[in-house]
Every structure is written in structure tokens, then in C-alpha cells.
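Student: Just model.txt, nothing more (compact mmCIF, C-alpha atoms and all ligand atoms):
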# COMPACT_ATOMS: atom_id res chain seq x y z
CA MET A 1 69.42 -17.50 21.67
CA LYS A 2 70.05 -21.12 22.61
CA ASN A 3 66.44 -21.91 21.85
CA LEU A 4 67.04 -20.82 18.25
CA VAL A 5 69.49 -23.70 18.04
CA ASP A 6 66.87 -26.07 19.45
CA MET A 7 64.29 -24.71 17.02
CA LEU A 8 66.69 -25.21 14.13
CA GLU A 9 67.37 -28.78 15.20
CA GLN A 10 63.67 -29.55 15.54
CA ASN A 11 62.30 -27.79 12.48
CA ARG A 12 65.43 -28.05 10.31
CA THR A 13 64.98 -24.44 9.33
CA LEU A 14 64.42 -20.99 10.79
CA ASN A 15 62.67 -17.95 9.42
CA ASN A 16 64.77 -15.11 7.96
CA GLU A 17 64.85 -13.12 11.15
CA ASP A 18 65.94 -16.05 13.28
CA PHE A 19 68.62 -17.17 10.83
CA TYR A 20 69.87 -13.59 10.83
CA ALA A 21 69.91 -13.47 14.61
CA LEU A 22 71.81 -16.74 14.86
CA LEU A 23 74.32 -15.70 12.19
CA SER A 24 75.03 -12.38 13.84
CA CYS A 25 75.30 -13.78 17.35
CA ASP A 26 78.87 -14.10 18.59
CA ASP A 27 78.10 -15.19 22.14
CA THR A 28 80.46 -18.13 22.66
CA GLU A 29 77.94 -19.95 24.82
CA VAL A 30 75.54 -20.02 21.87
CA THR A 31 78.15 -20.92 19.25
CA GLU A 32 79.47 -23.71 21.49
CA TYR A 33 75.95 -25.05 21.97
CA LEU A 34 75.34 -24.93 18.22
CA LYS A 35 78.54 -26.89 17.62
CA GLN A 36 77.62 -29.39 20.32
CA ARG A 37 74.16 -30.05 18.84
CA ALA A 38 75.59 -30.37 15.32
CA THR A 39 78.24 -32.82 16.52
CA SER A 40 75.67 -34.87 18.36
CA VAL A 41 73.48 -35.15 15.24
CA ARG A 42 76.50 -35.99 13.10
CA LYS A 43 77.67 -38.70 15.53
CA GLU A 44 74.21 -40.27 15.72
CA ILE A 45 74.27 -40.79 11.95
CA TYR A 46 77.91 -41.08 10.93
CA GLY A 47 79.61 -41.87 14.25
CA THR A 48 83.21 -40.70 14.16
CA ASP A 49 83.68 -41.78 10.53
CA VAL A 50 85.30 -39.37 8.10
CA TYR A 51 84.83 -40.06 4.39
CA ILE A 52 87.59 -39.26 1.94
CA ARG A 53 87.32 -38.12 -1.68
CA GLY A 54 90.32 -38.24 -3.97
CA LEU A 55 90.40 -34.95 -5.84
CA ILE A 56 91.85 -35.09 -9.36
CA GLU A 57 92.26 -31.55 -10.67
CA PHE A 58 92.54 -32.52 -14.30
CA THR A 59 92.57 -29.14 -16.08
CA ASN A 60 92.99 -25.51 -15.13
CA TYR A 61 91.91 -24.16 -18.52
CA CYS A 62 88.62 -22.32 -18.13
CA LYS A 63 86.36 -20.45 -20.51
CA ASN A 64 84.75 -18.56 -17.65
CA ASP A 65 85.91 -15.40 -15.97
CA CYS A 66 84.55 -15.59 -12.42
CA LEU A 67 85.94 -12.60 -10.57
CA TYR A 68 87.06 -14.57 -7.51
CA CYS A 69 88.80 -17.46 -9.19
CA GLY A 70 92.54 -17.79 -9.86
CA ILE A 71 92.07 -19.92 -12.98
CA ARG A 72 89.70 -17.44 -14.63
CA ARG A 73 90.19 -17.00 -18.37
CA SER A 74 91.73 -13.57 -18.19
CA ASN A 75 94.45 -14.52 -15.68
CA LYS A 76 97.40 -14.50 -18.05
CA ASN A 77 99.75 -15.46 -15.21
CA ALA A 78 98.17 -18.87 -14.69
CA ALA A 79 100.37 -21.67 -16.09
CA ARG A 80 97.80 -23.82 -17.85
CA TYR A 81 97.85 -27.62 -17.93
CA ARG A 82 95.70 -30.58 -18.87
CA LEU A 83 96.02 -34.18 -17.74
CA ASP A 84 95.65 -36.84 -20.42
CA ASP A 85 93.61 -40.02 -19.88
CA GLU A 86 96.64 -42.04 -18.75
CA GLN A 87 97.59 -39.45 -16.14
CA ILE A 88 94.03 -39.42 -14.81
CA TYR A 89 93.93 -43.23 -14.57
CA ASN A 90 97.30 -43.22 -12.81
CA CYS A 91 95.97 -40.79 -10.20
CA ALA A 92 93.00 -43.09 -9.61
CA GLU A 93 95.24 -46.17 -9.35
CA THR A 94 97.42 -44.47 -6.75
CA GLY A 95 94.29 -43.36 -4.91
CA TYR A 96 92.70 -46.79 -4.97
CA LYS A 97 95.82 -48.34 -3.42
CA LEU A 98 95.69 -45.70 -0.69
CA GLY A 99 92.09 -46.61 0.16
CA PHE A 100 90.10 -44.05 -1.81
CA ARG A 101 86.70 -45.25 -3.03
CA THR A 102 85.51 -41.94 -4.49
CA PHE A 103 87.26 -40.00 -7.22
CA VAL A 104 86.34 -36.41 -7.91
CA LEU A 105 87.22 -35.07 -11.33
CA GLN A 106 87.36 -31.31 -10.99
CA GLY A 107 88.44 -28.69 -13.45
CA GLY A 108 87.82 -25.42 -15.16
CA GLU A 109 85.22 -25.32 -17.91
CA ASP A 110 87.59 -26.62 -20.55
CA MET A 111 85.97 -27.33 -23.92
CA TYR A 112 88.91 -29.52 -24.92
CA TYR A 113 87.21 -32.26 -22.89
CA THR A 114 84.18 -32.93 -25.05
CA ASP A 115 81.22 -34.84 -23.66
CA SER A 116 82.42 -38.04 -25.27
CA LYS A 117 85.92 -37.60 -23.79
CA ILE A 118 84.43 -37.08 -20.31
CA ALA A 119 82.07 -40.03 -20.77
CA HIS A 120 84.99 -42.21 -21.85
CA ILE A 121 87.06 -41.25 -18.80
CA VAL A 122 84.10 -41.87 -16.48
CA SER A 123 83.24 -45.27 -17.95
CA THR A 124 86.88 -46.38 -17.93
CA LEU A 125 87.17 -45.46 -14.24
CA LYS A 126 83.90 -47.23 -13.40
CA GLU A 127 85.01 -50.38 -15.25
CA ALA A 128 88.38 -50.43 -13.53
CA TYR A 129 86.93 -49.65 -10.08
CA PRO A 130 83.31 -50.80 -9.94
CA ASP A 131 83.34 -50.40 -6.16
CA CYS A 132 84.11 -46.68 -6.43
CA ALA A 133 81.96 -43.60 -6.93
CA VAL A 134 82.89 -41.06 -9.57
CA THR A 135 82.05 -37.42 -8.91
CA LEU A 136 82.23 -34.69 -11.53
CA SER A 137 82.82 -31.01 -10.80
CA ILE A 138 83.17 -29.43 -14.22
CA GLY A 139 80.69 -26.61 -14.15
CA GLU A 140 77.58 -25.64 -16.09
CA LYS A 141 76.54 -27.93 -18.95
CA SER A 142 73.35 -28.74 -20.83
CA ARG A 143 70.92 -31.28 -19.46
CA GLU A 144 71.92 -33.56 -22.37
CA SER A 145 75.58 -33.40 -21.38
CA TYR A 146 74.74 -34.21 -17.76
CA LYS A 147 72.72 -37.19 -18.99
CA THR A 148 75.62 -38.41 -21.12
CA TYR A 149 77.99 -38.44 -18.13
CA PHE A 150 75.35 -40.06 -15.92
CA ASN A 151 74.76 -42.82 -18.47
CA ALA A 152 78.52 -43.36 -18.60
CA GLY A 153 78.40 -44.09 -14.86
CA ALA A 154 78.99 -40.79 -13.04
CA ASP A 155 77.41 -40.98 -9.59
CA ARG A 156 77.70 -37.50 -8.15
CA TYR A 157 78.07 -33.88 -9.26
CA LEU A 158 79.39 -30.89 -7.37
CA LEU A 159 78.28 -27.47 -8.53
CA ARG A 160 78.31 -24.77 -5.92
CA HIS A 161 75.50 -22.30 -6.44
CA GLU A 162 77.96 -19.62 -5.14
CA THR A 163 75.19 -17.30 -3.88
CA ALA A 164 71.41 -17.52 -4.00
CA ASN A 165 70.96 -13.79 -4.48
CA ASN A 166 70.73 -12.51 -8.07
CA ALA A 167 72.36 -9.13 -7.45
CA HIS A 168 75.19 -10.72 -5.45
CA TYR A 169 75.63 -13.37 -8.14
CA ALA A 170 76.11 -10.61 -10.71
CA LYS A 171 78.86 -9.01 -8.61
CA LEU A 172 80.85 -12.24 -8.51
CA HIS A 173 80.43 -13.35 -12.12
CA PRO A 174 80.76 -12.06 -15.67
CA LYS A 175 77.49 -11.11 -17.34
CA GLU A 176 77.27 -14.35 -19.37
CA LEU A 177 76.64 -16.30 -16.17
CA SER A 178 73.38 -16.24 -14.26
CA LEU A 179 72.03 -17.65 -11.05
CA GLU A 180 69.03 -18.81 -13.01
CA ASN A 181 71.12 -21.12 -15.19
CA ARG A 182 73.14 -22.29 -12.19
CA LYS A 183 69.91 -23.35 -10.48
CA ARG A 184 68.64 -24.96 -13.68
CA CYS A 185 71.83 -27.06 -13.73
CA LEU A 186 71.38 -28.15 -10.11
CA TYR A 187 67.74 -29.14 -10.59
CA ASP A 188 68.57 -30.99 -13.84
CA LEU A 189 71.36 -32.89 -12.12
CA LYS A 190 69.07 -33.91 -9.29
CA ASP A 191 66.30 -34.89 -11.64
CA ILE A 192 68.65 -37.06 -13.72
CA GLY A 193 69.54 -39.00 -10.59
CA TYR A 194 72.89 -37.67 -9.47
CA GLN A 195 73.79 -37.20 -5.84
CA VAL A 196 74.15 -33.43 -6.01
CA GLY A 197 76.26 -30.94 -4.12
CA CYS A 198 75.71 -27.18 -3.99
CA GLY A 199 77.48 -24.65 -1.82
CA PHE A 200 79.06 -21.24 -1.55
CA MET A 201 82.08 -19.30 -0.37
CA VAL A 202 81.85 -17.83 3.09
CA GLY A 203 82.79 -14.16 3.15
CA SER A 204 82.88 -13.70 -0.61
CA PRO A 205 83.11 -10.03 -1.60
CA PHE A 206 79.84 -8.10 -1.10
CA GLN A 207 78.20 -11.00 0.75
CA THR A 208 75.86 -9.89 3.53
CA LEU A 209 74.35 -11.93 6.36
CA GLN A 210 71.05 -11.49 4.55
CA ASN A 211 72.61 -13.15 1.50
CA ILE A 212 73.68 -16.07 3.68
CA THR A 213 70.13 -16.55 4.95
CA GLU A 214 69.10 -16.76 1.30
CA ASP A 215 71.79 -19.39 0.72
CA LEU A 216 70.44 -21.39 3.66
CA HIS A 217 66.89 -21.20 2.37
CA PHE A 218 68.05 -22.30 -1.07
CA ILE A 219 69.90 -25.25 0.46
CA GLY A 220 66.76 -26.18 2.39
CA GLU A 221 64.72 -26.03 -0.80
CA LEU A 222 67.14 -27.99 -3.02
CA GLU A 223 67.89 -30.61 -0.34
CA PRO A 224 71.24 -31.58 -1.84
CA HIS A 225 73.14 -34.70 -0.76
CA MET A 226 76.29 -32.64 -0.26
CA VAL A 227 77.09 -29.04 0.59
CA GLY A 228 80.53 -27.57 -0.09
CA ILE A 229 81.33 -24.43 1.85
CA GLY A 230 84.70 -22.87 2.52
CA PRO A 231 86.03 -19.40 3.16
CA PHE A 232 86.63 -17.09 0.22
CA ILE A 233 90.38 -16.47 -0.09
CA PRO A 234 91.65 -13.77 -2.44
CA HIS A 235 93.89 -14.63 -5.38
CA LYS A 236 96.50 -12.03 -6.30
CA ASP A 237 95.78 -12.06 -10.05
CA THR A 238 92.03 -11.48 -9.82
CA PRO A 239 89.90 -8.33 -9.45
CA PHE A 240 89.27 -9.43 -5.85
CA ALA A 241 92.98 -9.49 -4.97
CA GLY A 242 92.60 -6.87 -2.25
CA LYS A 243 89.40 -8.20 -0.69
CA ALA A 244 89.25 -9.66 2.81
CA PRO A 245 89.05 -13.44 3.20
CA GLY A 246 86.13 -15.22 4.87
CA THR A 247 86.54 -16.13 8.51
CA LEU A 248 87.09 -19.39 10.30
CA GLU A 249 84.35 -18.58 12.83
CA MET A 250 81.63 -17.95 10.27
CA THR A 251 82.58 -21.01 8.20
CA VAL A 252 82.53 -23.29 11.22
CA LYS A 253 79.24 -21.84 12.40
CA LEU A 254 77.68 -22.45 8.99
CA LEU A 255 78.91 -26.04 8.94
CA SER A 256 77.01 -26.60 12.19
CA ILE A 257 73.89 -24.86 10.93
CA ILE A 258 73.88 -26.91 7.72
CA ARG A 259 74.36 -30.14 9.69
CA LEU A 260 71.26 -29.30 11.75
CA MET A 261 69.27 -28.41 8.63
CA LEU A 262 70.20 -31.57 6.74
CA PRO A 263 71.27 -34.19 9.30
CA TYR A 264 72.36 -36.73 6.64
CA VAL A 265 74.27 -34.28 4.46
CA LEU A 266 77.81 -35.00 3.25
CA LEU A 267 79.72 -31.99 4.42
CA PRO A 268 83.40 -31.47 3.65
CA ALA A 269 85.90 -29.66 5.83
CA THR A 270 87.50 -28.00 2.81
CA THR A 271 91.08 -27.31 1.80
CA ALA A 272 90.25 -23.58 1.88
CA LEU A 273 89.32 -23.96 5.57
CA GLY A 274 92.66 -25.68 6.15
CA THR A 275 94.35 -22.81 4.33
CA ILE A 276 93.04 -19.98 6.53
CA HIS A 277 93.88 -21.81 9.77
CA PRO A 278 96.40 -24.62 10.44
CA LYS A 279 93.71 -26.60 12.29
CA GLY A 280 90.82 -25.44 10.10
CA ARG A 281 89.86 -28.88 8.80
CA GLU A 282 89.93 -30.38 12.30
CA MET A 283 87.69 -27.55 13.52
CA GLY A 284 85.34 -28.16 10.61
CA ILE A 285 85.04 -31.84 11.49
CA MET A 286 84.43 -30.95 15.14
CA ALA A 287 81.63 -28.60 14.05
CA GLY A 288 79.69 -31.23 12.10
CA ALA A 289 81.57 -31.88 8.83
CA ASN A 290 82.13 -35.52 7.84
CA VAL A 291 84.19 -35.45 4.64
CA VAL A 292 87.71 -34.43 3.64
CA MET A 293 88.94 -34.14 0.07
CA PRO A 294 92.67 -34.71 -0.22
CA ASN A 295 94.40 -34.11 -3.49
CA LEU A 296 95.39 -36.94 -5.85
CA SER A 297 96.66 -34.70 -8.65
CA PRO A 298 100.25 -35.36 -9.79
CA SER A 299 102.69 -33.25 -7.75
CA ASP A 300 104.00 -31.38 -10.80
CA VAL A 301 100.60 -29.80 -11.58
CA ARG A 302 99.38 -29.11 -8.05
CA LYS A 303 100.95 -25.69 -7.83
CA LYS A 304 99.08 -24.73 -10.99
CA TYR A 305 95.54 -25.44 -9.79
CA LEU A 306 95.41 -22.31 -7.71
CA LEU A 307 91.92 -20.96 -7.19
CA TYR A 308 93.22 -18.80 -4.33
CA ASP A 309 96.55 -17.82 -2.75
CA ASN A 310 98.55 -19.93 -0.26
CA LYS A 311 96.65 -23.16 -0.93
CA ILE A 312 97.93 -25.94 1.34
CA CYS A 313 99.28 -29.38 0.36
CA THR A 314 100.51 -28.30 -3.07
CA GLY A 315 103.95 -29.81 -2.44
CA ASP A 316 102.85 -33.19 -1.12
CA GLU A 317 102.49 -36.62 -2.69
CA ALA A 318 99.07 -38.29 -2.38
CA ALA A 319 100.44 -40.80 0.15
CA GLU A 320 101.79 -38.03 2.39
CA CYS A 321 98.47 -36.17 2.24
CA ILE A 322 96.40 -39.10 3.36
CA ARG A 323 98.82 -40.02 6.15
CA CYS A 324 98.81 -36.43 7.38
CA LEU A 325 95.02 -36.29 7.34
CA GLN A 326 94.73 -39.65 9.08
CA MET A 327 96.87 -38.31 11.91
CA ARG A 328 94.94 -35.08 12.07
CA MET A 329 91.60 -36.91 12.30
CA GLU A 330 92.87 -39.41 14.91
CA SER A 331 94.17 -36.49 16.99
CA ILE A 332 90.58 -35.27 17.44
CA GLY A 333 89.00 -38.72 17.89
CA TYR A 334 87.71 -39.21 14.34
CA HIS A 335 88.67 -41.91 11.84
CA ILE A 336 89.11 -41.96 8.09
CA VAL A 337 87.23 -44.92 6.64
CA GLN A 338 87.72 -46.80 3.40
CA SER A 339 84.30 -46.62 1.78
CA ARG A 340 82.40 -44.95 -1.04
CA GLY A 341 80.92 -42.79 1.67
CA ASP A 342 77.41 -42.44 0.34
CA SER A 343 74.83 -40.48 2.27
CA LYS A 344 73.09 -42.67 4.86
CA LYS A 345 69.72 -41.25 3.99
CA ILE A 346 67.58 -43.91 2.34
N1 LIG B 401 84.61 -25.08 -12.71
C1 LIG B 401 83.99 -25.88 -11.70
C2 LIG B 401 84.88 -26.06 -10.49
C3 LIG B 401 85.10 -24.77 -9.79
S1 LIG B 401 86.34 -24.77 -8.55
C4 LIG B 401 82.65 -25.28 -11.34
O1 LIG B 401 82.30 -24.25 -11.88
O2 LIG B 401 81.94 -25.86 -10.53
C5 LIG B 401 85.38 -25.21 -7.14
C6 LIG B 401 84.95 -24.09 -6.21
O3 LIG B 401 86.07 -23.38 -5.71
C7 LIG B 401 84.10 -23.01 -6.80
O4 LIG B 401 82.78 -23.45 -6.92
C8 LIG B 401 84.26 -21.86 -5.81
O5 LIG B 401 83.20 -21.82 -4.86
C9 LIG B 401 85.59 -22.20 -5.12
N2 LIG B 401 86.56 -21.09 -5.30
C10 LIG B 401 86.92 -20.49 -6.46
N3 LIG B 401 87.72 -19.45 -6.20
C11 LIG B 401 87.87 -19.37 -4.85
C12 LIG B 401 88.54 -18.48 -3.97
N4 LIG B 401 89.22 -17.45 -4.43
N5 LIG B 401 88.46 -18.72 -2.63
C13 LIG B 401 87.78 -19.78 -2.17
N6 LIG B 401 87.09 -20.63 -2.95
C14 LIG B 401 87.14 -20.44 -4.27
Please re-express this file's structure in C-alpha cells.
Ligand code: SAH

Tutor:
Amino acid sequence: MKNLVDMLEQNRTLNNEDFYALLSCDDTEVTEYLKQRATSVRKEIYGTDVYIRGLIEFTNYCKNDCLYCGIRRSNKNAARYRLDDEQIYNCAETGYKLGFRTFVLQGGEDMYYTDSKIAHIVSTLKEAYPDCAVTLSIGEKSRESYKTYFNAGADRYLLRHETANNAHYAKLHPKELSLENRKRCLYDLKDIGYQVGCGFMVGSPFQTLQNITEDLHFIGELEPHMVGIGPFIPHKDTPFAGKAPGTLEMTVKLLSIIRLMLPYVLLPATTALGTIHPKGREMGIMAGANVVMPNLSPSDVRKKYLLYDNKICTGDEAAECIRCLQMRMESIGYHIVQSRGDSKKI
């Protein structure tokens, strides 16, 4: 089994059967070796640096009805909010003073924010902070819309593909949404010139190990700059309320596998990972992740951006969050750096 890890490191991929074998193997000697190789590759490229992204969750209105998500349209219990331009700029100002050099604007698919509104927010942020990167994570749009935001100065775009299997995709999403369009969006974004992030939930309902091998092949094919993976966590007001969450072990294993597939990738240890285990983000970093995404949203709206239950850090101020993460990273020998944190791949 250990030689599968070596093969993965050398060839940056495995065939279906070998991916399957590695994913289903729970021999600790093998998983430890996988983690060790991933960490070694990560340290060769990024040392012990950890990049930070300031997450601004600017709206929880959403026109979509994804079955897993707490801010889905049909969740009548969600208390909806929108941040206005001033509130968004204030979040960025606070973040900048705390050392953030990337701002991520994330939200539901909220048609209130027209393309020109988004472009205005992006260009205002880029003018105020020319040394910062702006990342958008606002879902599926037309190629024209993506171009508009890019021309306004947006640098990066996060759009998880969620699953690379059509039948699985249909079990997680309403019928209006398709994997085909999701992929179209990702390829458009890449083609336009964004640094692009895809990704998926680990342990989402109905996901099989075979599905995960398909996700890995898709990631290998797209070659994104970033990959966002975190455990699925049920939300009480969704159809998946009673489903089991994804596991720490599988998430950490996948972080290592993805690091070996794409050595330069920007790989966050997600808030969801920190939610299923108190040391989840530390374990993610020690398995090959190199990014953390603390929240910069105003404290009064944090409890409303709930994609899943028991989300951590919803009561903290931005300053507390970054201090807490700094300590957590130092405790495992890693260091948060003040930088845009672009991929080192040239
Ligand atoms: N509307 C944007 C942002 C979505 S929220 C978009 O479509 O890209 C960001 C990510 O959170 C989603 O892509 C999804 O993978 C994840 N997410 C949603 N619900 C979740 C849940 N219940 N558990 C874990 N992750 C979840």
C-alpha cells in the first residue's frame, strides 16, 4: 500500500482502482506515510507558512435550493440579511489592519447584487487596497458576468464542483442545477484568467468512494489553483437533517492526496473541519493544507450565515479569530503570514 503513496507522489495521479484502494485503506501506517509525504511536499514549496483569507459573508439570501445547505431558498427559518457597501468596506478595513491581504466575498445567489453592484464593490476594494487580492464565491453566473467582475479587478473565484458524478449531483441539488453547467462555469472562470478553486464536501449524503475517485480525476483534469474540501455537516432545517456528517479521517486523508496530486495547490483547512473536531484545522494543516479562512463578517450577522449546524467562531470578533488561529498555528509549528498568498506555481 505504501507504494501507492509513492506512485501518487511521482505520477500525481492514480488509476481508479488504486485511488479506490488508497481511499478504503485504514491501515495507520499507510495513512501516516501519506500524511508525511504530503507534509514534506507542502514544506518544500510553502515552508511552514499559512495563508489567511478574510471571509466576508455578505448575504444569506439565495435563489437556489441545494438540499444540503442551511441558507437554501425554502428554509423559512433562516433569518435573512444583506450587508450594504459601507458594511462590506468596513469589514475589509478591519481585516486590512489585522494583516489580511485577501478578501473573500461569499454569499448565496442573491439577485439583489446585480453585476454592476458586484463590480462596483470589487473595484472599490481594489482601489482602496491595491496590494490585496479579491476572491468571489457567489455561485453560478454567465460567462459575461464573470468577465465583468474580472474586468473590475476580481482575482480569484471559488466554486466547488460539489461532486463530479452526474447522478450524485442530482441527489444533492434541485433539478434546475446541473453538473454540466457547474463545470462550464469553472472552465469559463479559468479561461477568463481567474485563479480558480473547485472542491466538494467529504461524506455528503449518497457519496461513495467511487464518487470520490471521480472527484479526484476531475480535480486532476481541471488543475485548479485552489481546492476547498470540508466535511459535510447536516443542517437541521434541510432535507438532509438526519444524515451522518463526513469524517475527520477521510477529510484529512483527502487533503494529503490532493497535496500530492497538485503540489502547489492552495488548500484550506476549513471551518467545517474545525467544527467536527476541536483540533480539525490544525490536523488539516498537518496533513498538507496551507490556508485558513477566518471570518471577517460583522458579529451581528455571523450567526445567520449558517450553512450547517454548530458552526464555530460565530460569536467572535475578527481580531479574536485571528489571534486564536495564530496561536493554534504556532502550537503546531506553523506561522500565519501577511501576504496575498498566491500560488507559488509560475
Ligand atoms: N453560493 C455560493 C457559496 C456556497 S457556500 C456557491 O454556490 O458557490 C460554500 C460551500 O459550502 C458550498 O460550496 C458547499 O460545498 C459548502 N456547504 C454548504 N452546505 C454545507 C453543509 N451542510 N456542510 C458542509 N459544507 C456545506

Student: Can I get the residues close to ligand LIG 401 (chain B) as a PyMOL selection string, where close means within 6 Å and we count all atoms listed in the file?

Tutor: chain A and resi 68-69+106-109+137-139+159-160+162+200-201+231-235+307-308

Student: Using all atoms listed in the file for the distances, tell me which of A:His217, A:Lys243, A:His168, A:Lys141 is nearest to A:Asn181.

Tutor: A:Lys141

Student: Any idea what the distance is between atom CA of A:Lys344 and atom CA of A:Glu44?

Tutor: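 Distance reported for this atom pair: 11.2 Å.
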
Student: Counting all atoms listed in the file, what is within 12 Å of A:Leu177, bar same-chain residues fewer than 2 positions away, as an MDAnalysis selection string?

Tutor: chainID A and resid 63:67 139:141 161:162 166 169:175 179:183

Student: How many Å separate atom CA of A:Asn165 from atom CA of A:Ser145?

Tutor: 26.3 Å

Student: Nearest to A:Val291 among A:Thr48, A:Ser178, A:Ser24, A:Asn151, with distances taken over all atoms listed in the file: which residue is it?

Tutor: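 For A:Val291, the nearest of the candidates is A:Thr48.
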
Student: How would you write as a JSON list (two decimals) with C-alpha atoms, keeping the file's coordinate frame the residues that get within 6 Å of (95.6, -26.9, -18.8) in the file's frame, counting only C-alpha atoms?

Tutor:
[["chain", "number", "residue", "atom", "x", "y", "z"],
["A", 59, "THR", "CA", 92.57, -29.14, -16.08],
["A", 60, "ASN", "CA", 92.99, -25.51, -15.13],
["A", 61, "TYR", "CA", 91.91, -24.16, -18.52],
["A", 80, "ARG", "CA", 97.80, -23.82, -17.85],
["A", 81, "TYR", "CA", 97.85, -27.62, -17.93],
["A", 82, "ARG", "CA", 95.70, -30.58, -18.87]]

Student: I need the residue nearest A:Gln326 from this list: A:Asp49, A:Asp309, A:Glu144, A:Glu93. Use all atoms listed in the file for the distance.

Tutor: A:Asp49

Student: Expressed in Å to a single decimal, how great is the separation between atom CA of A:Arg73 and atom CA of A:Pro239?

Tutor: 12.4 Å

Student: Under the rule that only C-alpha atoms are counted, which of A:Ala92, A:Val122, A:Ala319, A:Ile332 is the nearest residue to A:Phe150?

Tutor: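 Closest to A:Phe150, using only C-alpha atoms: A:Val122.
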
Student: Can you give me N, CA, C and O atoms for stretch 12-23 of chain A, written as a PDB file, keeping the file's coordinate frame?

Tutor:
ATOM      1  N   ARG A  12      64.459 -27.990  11.420  1.00  0.00           N
ATOM      2  CA  ARG A  12      65.430 -28.050  10.310  1.00  0.00           C
ATOM      3  C   ARG A  12      65.448 -26.795   9.459  1.00  0.00           C
ATOM      4  O   ARG A  12      65.959 -26.791   8.345  1.00  0.00           O
ATOM      5  N   THR A  13      64.874 -25.747   9.982  1.00  0.00           N
ATOM      6  CA  THR A  13      64.980 -24.440   9.330  1.00  0.00           C
ATOM      7  C   THR A  13      64.612 -23.369  10.338  1.00  0.00           C
ATOM      8  O   THR A  13      64.145 -23.675  11.433  1.00  0.00           O
ATOM      9  N   LEU A  14      64.844 -22.134   9.984  1.00  0.00           N
ATOM     10  CA  LEU A  14      64.420 -20.990  10.790  1.00  0.00           C
ATOM     11  C   LEU A  14      63.865 -19.964   9.811  1.00  0.00           C
ATOM     12  O   LEU A  14      64.169 -20.024   8.613  1.00  0.00           O
ATOM     13  N   ASN A  15      63.083 -19.016  10.328  1.00  0.00           N
ATOM     14  CA  ASN A  15      62.670 -17.950   9.420  1.00  0.00           C
ATOM     15  C   ASN A  15      63.836 -16.977   9.242  1.00  0.00           C
ATOM     16  O   ASN A  15      64.855 -17.069   9.932  1.00  0.00           O
ATOM     17  N   ASN A  16      63.693 -16.066   8.279  1.00  0.00           N
ATOM     18  CA  ASN A  16      64.770 -15.110   7.960  1.00  0.00           C
ATOM     19  C   ASN A  16      65.349 -14.423   9.174  1.00  0.00           C
ATOM     20  O   ASN A  16      66.564 -14.366   9.346  1.00  0.00           O
ATOM     21  N   GLU A  17      64.437 -13.895   9.981  1.00  0.00           N
ATOM     22  CA  GLU A  17      64.850 -13.120  11.150  1.00  0.00           C
ATOM     23  C   GLU A  17      65.680 -13.957  12.111  1.00  0.00           C
ATOM     24  O   GLU A  17      66.699 -13.510  12.625  1.00  0.00           O
ATOM     25  N   ASP A  18      65.235 -15.185  12.333  1.00  0.00           N
ATOM     26  CA  ASP A  18      65.940 -16.050  13.280  1.00  0.00           C
ATOM     27  C   ASP A  18      67.289 -16.527  12.733  1.00  0.00           C
ATOM     28  O   ASP A  18      68.267 -16.596  13.468  1.00  0.00           O
ATOM     29  N   PHE A  19      67.329 -16.825  11.439  1.00  0.00           N
ATOM     30  CA  PHE A  19      68.620 -17.170  10.830  1.00  0.00           C
ATOM     31  C   PHE A  19      69.580 -15.997  11.008  1.00  0.00           C
ATOM     32  O   PHE A  19      70.741 -16.163  11.382  1.00  0.00           O
ATOM     33  N   TYR A  20      69.050 -14.802  10.730  1.00  0.00           N
ATOM     34  CA  TYR A  20      69.870 -13.590  10.830  1.00  0.00           C
ATOM     35  C   TYR A  20      70.401 -13.417  12.250  1.00  0.00           C
ATOM     36  O   TYR A  20      71.587 -13.138  12.464  1.00  0.00           O
ATOM     37  N   ALA A  21      69.514 -13.632  13.210  1.00  0.00           N
ATOM     38  CA  ALA A  21      69.910 -13.470  14.610  1.00  0.00           C
ATOM     39  C   ALA A  21      70.992 -14.485  14.984  1.00  0.00           C
ATOM     40  O   ALA A  21      71.992 -14.143  15.641  1.00  0.00           O
ATOM     41  N   LEU A  22      70.836 -15.700  14.542  1.00  0.00           N
ATOM     42  CA  LEU A  22      71.810 -16.740  14.860  1.00  0.00           C
ATOM     43  C   LEU A  22      73.154 -16.448  14.184  1.00  0.00           C
ATOM     44  O   LEU A  22      74.227 -16.592  14.786  1.00  0.00           O
ATOM     45  N   LEU A  23      73.080 -15.988  12.926  1.00  0.00           N
ATOM     46  CA  LEU A  23      74.320 -15.700  12.190  1.00  0.00           C
ATOM     47  C   LEU A  23      75.068 -14.518  12.794  1.00  0.00           C
ATOM     48  O   LEU A  23      76.304 -14.484  12.772  1.00  0.00           O
TER      49      LEU A  23
END
